Each structure stands twice: as structure tokens, then as C-alpha cells.
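A short write-up of the structure that comes next.
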Amino acid sequence: MPTASFKFTSDFLLESYKRYRKQKRSKPFETAIRLLVLAVLAPVTAYIFSYGLIKIGFFLAGMGVFMFNAHHIDYAITRLSARRSPYHDEDVTIELTDEGFHVRSPRQDTKLQWSVFTRVAHFKDGFLLFQGPRMFNWVPAASLASSAELGELESLLRSKIKEHRIVQPIDALYDAVGR
């Protein structure tokens with residue numbers, strides 16, 4: 001029975017969100033749109049500056065910079081939100097069995113059946129388990145008790161959850177835990 005143990009910190013939550021963003025298939029499309037907007041915005045901004053409209057020019061330049069750095073603001077908001085959570089800095093244990101997903105901490109005791117999980121994304125350093133499109137649980141490989149549990153967890157997830165997406169190769173996952 002694979003068991004994961006970790007401290008629920010703002011860093012842990014932030015790493016979960018980073019994995020979520022990384023697995024999104026629309027990311028290359030979003031980047032292409034941003035580059036296209038930037039390709040239009042840059043000459044317009046230069047034109048605005050050439051006519052001496054400094055405030056509007058700085059506004060447009062700021063929008064161009066913001067498009068590529070908005071995730072940093074999102075990360076800062078996530079960190080602040082996590083610090084206000086009643087679960088912040090709690091030690092969390094996740095037991096993954098044939099029956100389901102069992103999360104325990106001093107303030108929670110939650111059991112979920114495998115049928116609530118719609119898909120899993122495999123990363124070099126853990127698994128992102130989805131309960132629908134935007135609700136997920138991050139299970140880092142480093143939080144497992146041993147490297148033997150990693151193979152056991154991977155087999156369990158493959159048998160219980162239908163849809164799998166390999167974001168980073170599994171071999172890298174085993175390398176991350178020293179197998």
C-alpha cells in the first residue's frame with residue numbers, strides 16, 4: 001500500500017499549481033497567441049512613443065510585459081492564500097489502496113473512491129490526480145516511504161484510473177527517487 005507523507009505548505013501548493021499548468025495541452029497555443037499579440041503590440045507601442053504619447057506608450061509596453069509574467073502574480077496570490085488556509089503547515093498522509101484515496105491530517109480525514117478520479121498526469125517527480133478538469137491532488141514521488149512504493153503506486157494508478165497522460169517520462173520519475 002503506497003503511502004505519501006508531506007507538509008502542506010505554500011511551496012507544496014505552488015508546486016502543485018506549476019504541475020497543473022505544465023500538463024495543460026493548450027499552453028503552446030496560448031504562447032503562440034501571446035507572441036502574435038506582442039508582434040502587433042510592439043510596433044504600435046513604438047508608433048505611440050514616436051508621437052510623444054508617453055503614458056499610453058508605457059501602458060501598452062506594460063501590457064506586453066504583463067502578458068508573459070502574469071503567472072508570477074498568480075503564484076504570489078497562491079502563496080498568500082495557502083498561508084491563510086486552516087491546513088497550512090499540517091503534516092498530511094495519503095494512503096492509496098485498492099479501495100481508494102485516503103487523506104489524513106490533524107484537521108481532516110477524507111476518503112475518496114477511485115471512481116471520482118478522471119485522469120492522472122505522470123511527471124518525473126510525481127503524479128497529478130484529477131477529479132474533473134480543474135480539481136486535482138499532487139502526489140510527489142519524494143513523499144513516498146520508499147522507491148519500491150513508486151512502482152506499486154504507478155501500477156495502482158494504471159489499474160484504477162482510465163486516462164493517463166505522460167508529461168515527463170516515467171524513467172525520469174524513477175531517476176528522481178534514486179531507483
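If you're wondering about the labels, chains in the C-alpha cells are A, B, ... by order shown, residues count from 1 in each chain, ligands from 1 in order shown.
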
- Which residues, written as a list in words, have at least one atom at most 9 Å from region 4-9 of chain A, with only C-alpha atoms counted and residues fewer than 6 positions away on the same chain left out?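 Selected residues are Arg79, Ala82, Arg83, Tyr87, His88, Asp89, Glu90, Asp91, Val92, Thr93, Ile94, Glu95, Leu96, Val139, Pro140, Ala141, Ala142, Ser143, Leu144 and Ala145 of chain A.
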
Quick one: write out the picked residues with N, CA and C atoms as a PDB file, in the first residue's frame?
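That gives us selection_24.pdb:
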ATOM      1  N   ARG A  79       0.514  31.739  -2.950  1.00  0.00           N
ATOM      2  CA  ARG A  79       1.288  31.649  -1.694  1.00  0.00           C
ATOM      3  C   ARG A  79       0.544  32.312  -0.532  1.00  0.00           C
ATOM      4  N   ALA A  82      -2.479  30.218   0.494  1.00  0.00           N
ATOM      5  CA  ALA A  82      -2.102  28.993   1.219  1.00  0.00           C
ATOM      6  C   ALA A  82      -1.759  29.297   2.669  1.00  0.00           C
ATOM      7  N   ARG A  83      -1.135  30.428   2.911  1.00  0.00           N
ATOM      8  CA  ARG A  83      -0.770  30.786   4.290  1.00  0.00           C
ATOM      9  C   ARG A  83      -2.003  31.023   5.160  1.00  0.00           C
ATOM     10  N   TYR A  87      -5.294  24.476   6.797  1.00  0.00           N
ATOM     11  CA  TYR A  87      -4.441  23.293   6.666  1.00  0.00           C
ATOM     12  C   TYR A  87      -2.967  23.628   6.514  1.00  0.00           C
ATOM     13  N   HIS A  88      -2.629  24.926   6.509  1.00  0.00           N
ATOM     14  CA  HIS A  88      -1.245  25.348   6.287  1.00  0.00           C
ATOM     15  C   HIS A  88      -0.315  24.753   7.335  1.00  0.00           C
ATOM     16  N   ASP A  89       0.803  24.244   6.887  1.00  0.00           N
ATOM     17  CA  ASP A  89       1.853  23.633   7.713  1.00  0.00           C
ATOM     18  C   ASP A  89       1.423  22.360   8.434  1.00  0.00           C
ATOM     19  N   GLU A  90       0.365  21.726   7.973  1.00  0.00           N
ATOM     20  CA  GLU A  90      -0.036  20.450   8.565  1.00  0.00           C
ATOM     21  C   GLU A  90       0.705  19.303   7.902  1.00  0.00           C
ATOM     22  N   ASP A  91       0.963  18.278   8.682  1.00  0.00           N
ATOM     23  CA  ASP A  91       1.522  17.048   8.135  1.00  0.00           C
ATOM     24  C   ASP A  91       0.376  16.232   7.568  1.00  0.00           C
ATOM     25  N   VAL A  92       0.498  15.888   6.286  1.00  0.00           N
ATOM     26  CA  VAL A  92      -0.568  15.186   5.567  1.00  0.00           C
ATOM     27  C   VAL A  92      -0.060  13.807   5.166  1.00  0.00           C
ATOM     28  N   THR A  93      -0.926  12.818   5.302  1.00  0.00           N
ATOM     29  CA  THR A  93      -0.616  11.454   4.876  1.00  0.00           C
ATOM     30  C   THR A  93      -1.685  11.010   3.894  1.00  0.00           C
ATOM     31  N   ILE A  94      -1.244  10.470   2.760  1.00  0.00           N
ATOM     32  CA  ILE A  94      -2.166   9.931   1.758  1.00  0.00           C
ATOM     33  C   ILE A  94      -1.890   8.441   1.625  1.00  0.00           C
ATOM     34  N   GLU A  95      -2.906   7.644   1.882  1.00  0.00           N
ATOM     35  CA  GLU A  95      -2.809   6.198   1.669  1.00  0.00           C
ATOM     36  C   GLU A  95      -3.566   5.869   0.399  1.00  0.00           C
ATOM     37  N   LEU A  96      -2.906   5.177  -0.505  1.00  0.00           N
ATOM     38  CA  LEU A  96      -3.514   4.794  -1.778  1.00  0.00           C
ATOM     39  C   LEU A  96      -3.668   3.273  -1.783  1.00  0.00           C
ATOM     40  N   VAL A 139       0.692  14.179  -5.825  1.00  0.00           N
ATOM     41  CA  VAL A 139       1.366  13.171  -5.008  1.00  0.00           C
ATOM     42  C   VAL A 139       2.828  13.134  -5.464  1.00  0.00           C
ATOM     43  N   PRO A 140       3.710  13.831  -4.733  1.00  0.00           N
ATOM     44  CA  PRO A 140       5.115  13.852  -5.134  1.00  0.00           C
ATOM     45  C   PRO A 140       5.798  12.515  -4.851  1.00  0.00           C
ATOM     46  N   ALA A 141       6.677  12.100  -5.751  1.00  0.00           N
ATOM     47  CA  ALA A 141       7.401  10.841  -5.581  1.00  0.00           C
ATOM     48  C   ALA A 141       8.268  10.873  -4.325  1.00  0.00           C
ATOM     49  N   ALA A 142       8.815  12.034  -4.015  1.00  0.00           N
ATOM     50  CA  ALA A 142       9.688  12.168  -2.842  1.00  0.00           C
ATOM     51  C   ALA A 142       8.930  11.947  -1.530  1.00  0.00           C
ATOM     52  N   SER A 143       7.601  12.050  -1.562  1.00  0.00           N
ATOM     53  CA  SER A 143       6.823  11.878  -0.336  1.00  0.00           C
ATOM     54  C   SER A 143       6.508  10.414  -0.036  1.00  0.00           C
ATOM     55  N   LEU A 144       6.851   9.518  -0.957  1.00  0.00           N
ATOM     56  CA  LEU A 144       6.620   8.092  -0.729  1.00  0.00           C
ATOM     57  C   LEU A 144       7.667   7.542   0.230  1.00  0.00           C
ATOM     58  N   ALA A 145       7.282   6.524   0.983  1.00  0.00           N
ATOM     59  CA  ALA A 145       8.173   5.963   2.003  1.00  0.00           C
ATOM     60  C   ALA A 145       9.416   5.308   1.390  1.00  0.00           C
TER      61      ALA A 145
END

- Excluding Thr118 (chain A) and any residue of its chain fewer than 2 positions from it, enumerate the residues within 8 Å of it, using only C-alpha atoms, and give them as a PyMOL selection string. chain A and resi 115-116+120+129-132+161-163

- Which is closest to Lys111 (chain A) among A:Leu35, A:Glu99, A:Pro28, A:Asp11, if we use only C-alpha atoms?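 For Lys111 (chain A), the nearest of the given residues is A:Glu99.
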
- Task: Using DSSP on the backbone coordinates, identify all residues within region 15-143 of chain A classified as strand (DSSP E or B); present the result as a VMD selection string.
- Result: chain A and resid 90 to 96 100 to 105 108 to 113 119 to 123 126 to 130 136 to 140

Written selection (C-alpha atoms) as a PDB file, in the first residue's frame:
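Generated output (part-v7.pdb):
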ATOM      1  CA  GLU A  90      -0.036  20.450   8.565  1.00  0.00           C
ATOM      2  CA  ASP A  91       1.522  17.048   8.135  1.00  0.00           C
ATOM      3  CA  VAL A  92      -0.568  15.186   5.567  1.00  0.00           C
ATOM      4  CA  THR A  93      -0.616  11.454   4.876  1.00  0.00           C
ATOM      5  CA  ILE A  94      -2.166   9.931   1.758  1.00  0.00           C
ATOM      6  CA  GLU A  95      -2.809   6.198   1.669  1.00  0.00           C
ATOM      7  CA  LEU A  96      -3.514   4.794  -1.778  1.00  0.00           C
ATOM      8  CA  GLY A 100      -9.387   4.397  -2.806  1.00  0.00           C
ATOM      9  CA  PHE A 101      -7.529   7.539  -1.833  1.00  0.00           C
ATOM     10  CA  HIS A 102      -7.410   8.291   1.912  1.00  0.00           C
ATOM     11  CA  VAL A 103      -6.068  11.663   3.127  1.00  0.00           C
ATOM     12  CA  ARG A 104      -5.402  12.316   6.797  1.00  0.00           C
ATOM     13  CA  SER A 105      -4.092  15.259   8.742  1.00  0.00           C
ATOM     14  CA  GLN A 108      -9.140  16.287   8.044  1.00  0.00           C
ATOM     15  CA  ASP A 109      -9.917  12.671   7.317  1.00  0.00           C
ATOM     16  CA  THR A 110     -11.111  12.239   3.749  1.00  0.00           C
ATOM     17  CA  LYS A 111     -11.763   9.067   1.780  1.00  0.00           C
ATOM     18  CA  LEU A 112     -12.350   9.122  -1.961  1.00  0.00           C
ATOM     19  CA  GLN A 113     -13.205   6.193  -4.176  1.00  0.00           C
ATOM     20  CA  ARG A 119      -7.308  11.101 -15.134  1.00  0.00           C
ATOM     21  CA  VAL A 120      -3.721  11.173 -13.974  1.00  0.00           C
ATOM     22  CA  ALA A 121      -0.729  13.109 -15.321  1.00  0.00           C
ATOM     23  CA  HIS A 122       2.671  11.481 -14.840  1.00  0.00           C
ATOM     24  CA  PHE A 123       5.630  13.743 -14.078  1.00  0.00           C
ATOM     25  CA  GLY A 126       5.173  12.602  -9.036  1.00  0.00           C
ATOM     26  CA  PHE A 127       1.581  12.233 -10.125  1.00  0.00           C
ATOM     27  CA  LEU A 128      -1.222  14.747 -10.573  1.00  0.00           C
ATOM     28  CA  LEU A 129      -4.596  13.051  -9.948  1.00  0.00           C
ATOM     29  CA  PHE A 130      -7.606  14.849 -11.379  1.00  0.00           C
ATOM     30  CA  PHE A 136      -6.534  17.812  -8.547  1.00  0.00           C
ATOM     31  CA  ASN A 137      -4.258  16.236  -5.954  1.00  0.00           C
ATOM     32  CA  TRP A 138      -0.475  16.259  -6.253  1.00  0.00           C
ATOM     33  CA  VAL A 139       1.366  13.171  -5.008  1.00  0.00           C
ATOM     34  CA  PRO A 140       5.115  13.852  -5.134  1.00  0.00           C
TER      35      PRO A 140
END

- Query: If you measure from CA of Arg19 (chain A) to CA of Ala148 (chain A), what distance in Å do you get, rounded to one decimal?
  - Reply: 23.2 Å

- Item | From A:Asp98, A:Ala70, A:Lys18, A:Gly62, residue lying nearest Lys160 (chain A) [only C-alpha atoms] |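 Going through A:Asp98, A:Ala70, A:Lys18, A:Gly62 one by one, the smallest distance to Lys160 (chain A) is for A:Asp98.
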
- Between A:Leu14, A:Thr97, A:Phe59, A:Arg134, single out the one closest to His72 (chain A), counting only C-alpha atoms.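 Between A:Leu14, A:Thr97, A:Phe59, A:Arg134, the residue approaching His72 (chain A) most closely is A:Leu14.
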
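Proximity to Glu154 (chain A) at 10 Å, evaluated using only C-alpha atoms and with sequence-adjacent residues fewer than 3 positions away removed, yields A:Pro2, A:His122, A:Gly126, A:Phe127, A:Glu149, A:Leu150, A:Gly151, A:Leu157, A:Arg158, A:Ser159, A:Ile170.
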
Using DSSP assignments from the backbone, pull out every residue in region 62-110 of chain A that falls under alpha helix (DSSP H) and give it to me as a PDB file with N, CA and C atoms, in the first residue's frame.
ATOM      1  N   GLY A  62       3.699  48.045 -20.789  1.00  0.00           N
ATOM      2  CA  GLY A  62       3.400  47.290 -19.567  1.00  0.00           C
ATOM      3  C   GLY A  62       2.495  46.095 -19.841  1.00  0.00           C
ATOM      4  N   MET A  63       1.526  46.262 -20.718  1.00  0.00           N
ATOM      5  CA  MET A  63       0.645  45.150 -21.082  1.00  0.00           C
ATOM      6  C   MET A  63       1.437  44.031 -21.757  1.00  0.00           C
ATOM      7  N   GLY A  64       2.396  44.411 -22.603  1.00  0.00           N
ATOM      8  CA  GLY A  64       3.236  43.413 -23.260  1.00  0.00           C
ATOM      9  C   GLY A  64       4.064  42.618 -22.265  1.00  0.00           C
ATOM     10  N   VAL A  65       4.624  43.290 -21.278  1.00  0.00           N
ATOM     11  CA  VAL A  65       5.406  42.618 -20.243  1.00  0.00           C
ATOM     12  C   VAL A  65       4.496  41.759 -19.365  1.00  0.00           C
ATOM     13  N   PHE A  66       3.327  42.288 -19.028  1.00  0.00           N
ATOM     14  CA  PHE A  66       2.386  41.577 -18.159  1.00  0.00           C
ATOM     15  C   PHE A  66       1.922  40.253 -18.779  1.00  0.00           C
ATOM     16  N   MET A  67       1.736  40.233 -20.093  1.00  0.00           N
ATOM     17  CA  MET A  67       1.256  39.010 -20.754  1.00  0.00           C
ATOM     18  C   MET A  67       2.167  37.818 -20.481  1.00  0.00           C
ATOM     19  N   PHE A  68       3.455  38.064 -20.380  1.00  0.00           N
ATOM     20  CA  PHE A  68       4.407  36.971 -20.201  1.00  0.00           C
ATOM     21  C   PHE A  68       4.811  36.760 -18.736  1.00  0.00           C
ATOM     22  N   ASN A  69       4.329  37.599 -17.837  1.00  0.00           N
ATOM     23  CA  ASN A  69       4.712  37.483 -16.431  1.00  0.00           C
ATOM     24  C   ASN A  69       3.523  37.388 -15.476  1.00  0.00           C
ATOM     25  N   ALA A  70       2.322  37.262 -15.995  1.00  0.00           N
ATOM     26  CA  ALA A  70       1.128  37.213 -15.139  1.00  0.00           C
ATOM     27  C   ALA A  70       1.151  36.015 -14.195  1.00  0.00           C
ATOM     28  N   HIS A  71       1.785  34.933 -14.608  1.00  0.00           N
ATOM     29  CA  HIS A  71       1.826  33.743 -13.751  1.00  0.00           C
ATOM     30  C   HIS A  71       2.579  34.011 -12.446  1.00  0.00           C
ATOM     31  N   HIS A  72       3.520  34.935 -12.460  1.00  0.00           N
ATOM     32  CA  HIS A  72       4.232  35.265 -11.220  1.00  0.00           C
ATOM     33  C   HIS A  72       3.287  35.926 -10.210  1.00  0.00           C
ATOM     34  N   ILE A  73       2.393  36.747 -10.691  1.00  0.00           N
ATOM     35  CA  ILE A  73       1.387  37.363  -9.816  1.00  0.00           C
ATOM     36  C   ILE A  73       0.450  36.286  -9.277  1.00  0.00           C
ATOM     37  N   ASP A  74       0.049  35.374 -10.152  1.00  0.00           N
ATOM     38  CA  ASP A  74      -0.809  34.259  -9.738  1.00  0.00           C
ATOM     39  C   ASP A  74      -0.114  33.422  -8.664  1.00  0.00           C
ATOM     40  N   TYR A  75       1.177  33.172  -8.821  1.00  0.00           N
ATOM     41  CA  TYR A  75       1.927  32.400  -7.829  1.00  0.00           C
ATOM     42  C   TYR A  75       1.980  33.137  -6.482  1.00  0.00           C
ATOM     43  N   ALA A  76       2.164  34.452  -6.513  1.00  0.00           N
ATOM     44  CA  ALA A  76       2.199  35.224  -5.264  1.00  0.00           C
ATOM     45  C   ALA A  76       0.847  35.165  -4.557  1.00  0.00           C
ATOM     46  N   ILE A  77      -0.232  35.254  -5.318  1.00  0.00           N
ATOM     47  CA  ILE A  77      -1.570  35.165  -4.729  1.00  0.00           C
ATOM     48  C   ILE A  77      -1.796  33.766  -4.140  1.00  0.00           C
ATOM     49  N   THR A  78      -1.312  32.749  -4.830  1.00  0.00           N
ATOM     50  CA  THR A  78      -1.443  31.366  -4.340  1.00  0.00           C
ATOM     51  C   THR A  78      -0.689  31.198  -3.020  1.00  0.00           C
ATOM     52  N   ARG A  79       0.514  31.739  -2.950  1.00  0.00           N
ATOM     53  CA  ARG A  79       1.288  31.649  -1.694  1.00  0.00           C
ATOM     54  C   ARG A  79       0.544  32.312  -0.532  1.00  0.00           C
ATOM     55  N   LEU A  80       0.008  33.504  -0.779  1.00  0.00           N
ATOM     56  CA  LEU A  80      -0.728  34.205   0.276  1.00  0.00           C
ATOM     57  C   LEU A  80      -1.975  33.433   0.695  1.00  0.00           C
ATOM     58  N   SER A  81      -2.683  32.889  -0.281  1.00  0.00           N
ATOM     59  CA  SER A  81      -3.897  32.126   0.017  1.00  0.00           C
ATOM     60  C   SER A  81      -3.573  30.883   0.835  1.00  0.00           C
ATOM     61  N   ALA A  82      -2.479  30.218   0.494  1.00  0.00           N
ATOM     62  CA  ALA A  82      -2.102  28.993   1.219  1.00  0.00           C
ATOM     63  C   ALA A  82      -1.759  29.297   2.669  1.00  0.00           C
ATOM     64  N   ARG A  83      -1.135  30.428   2.911  1.00  0.00           N
ATOM     65  CA  ARG A  83      -0.770  30.786   4.290  1.00  0.00           C
ATOM     66  C   ARG A  83      -2.003  31.023   5.160  1.00  0.00           C
ATOM     67  N   ARG A  84      -3.111  31.406   4.528  1.00  0.00           N
ATOM     68  CA  ARG A  84      -4.350  31.658   5.269  1.00  0.00           C
ATOM     69  C   ARG A  84      -5.204  30.392   5.426  1.00  0.00           C
TER      70      ARG A  84
END
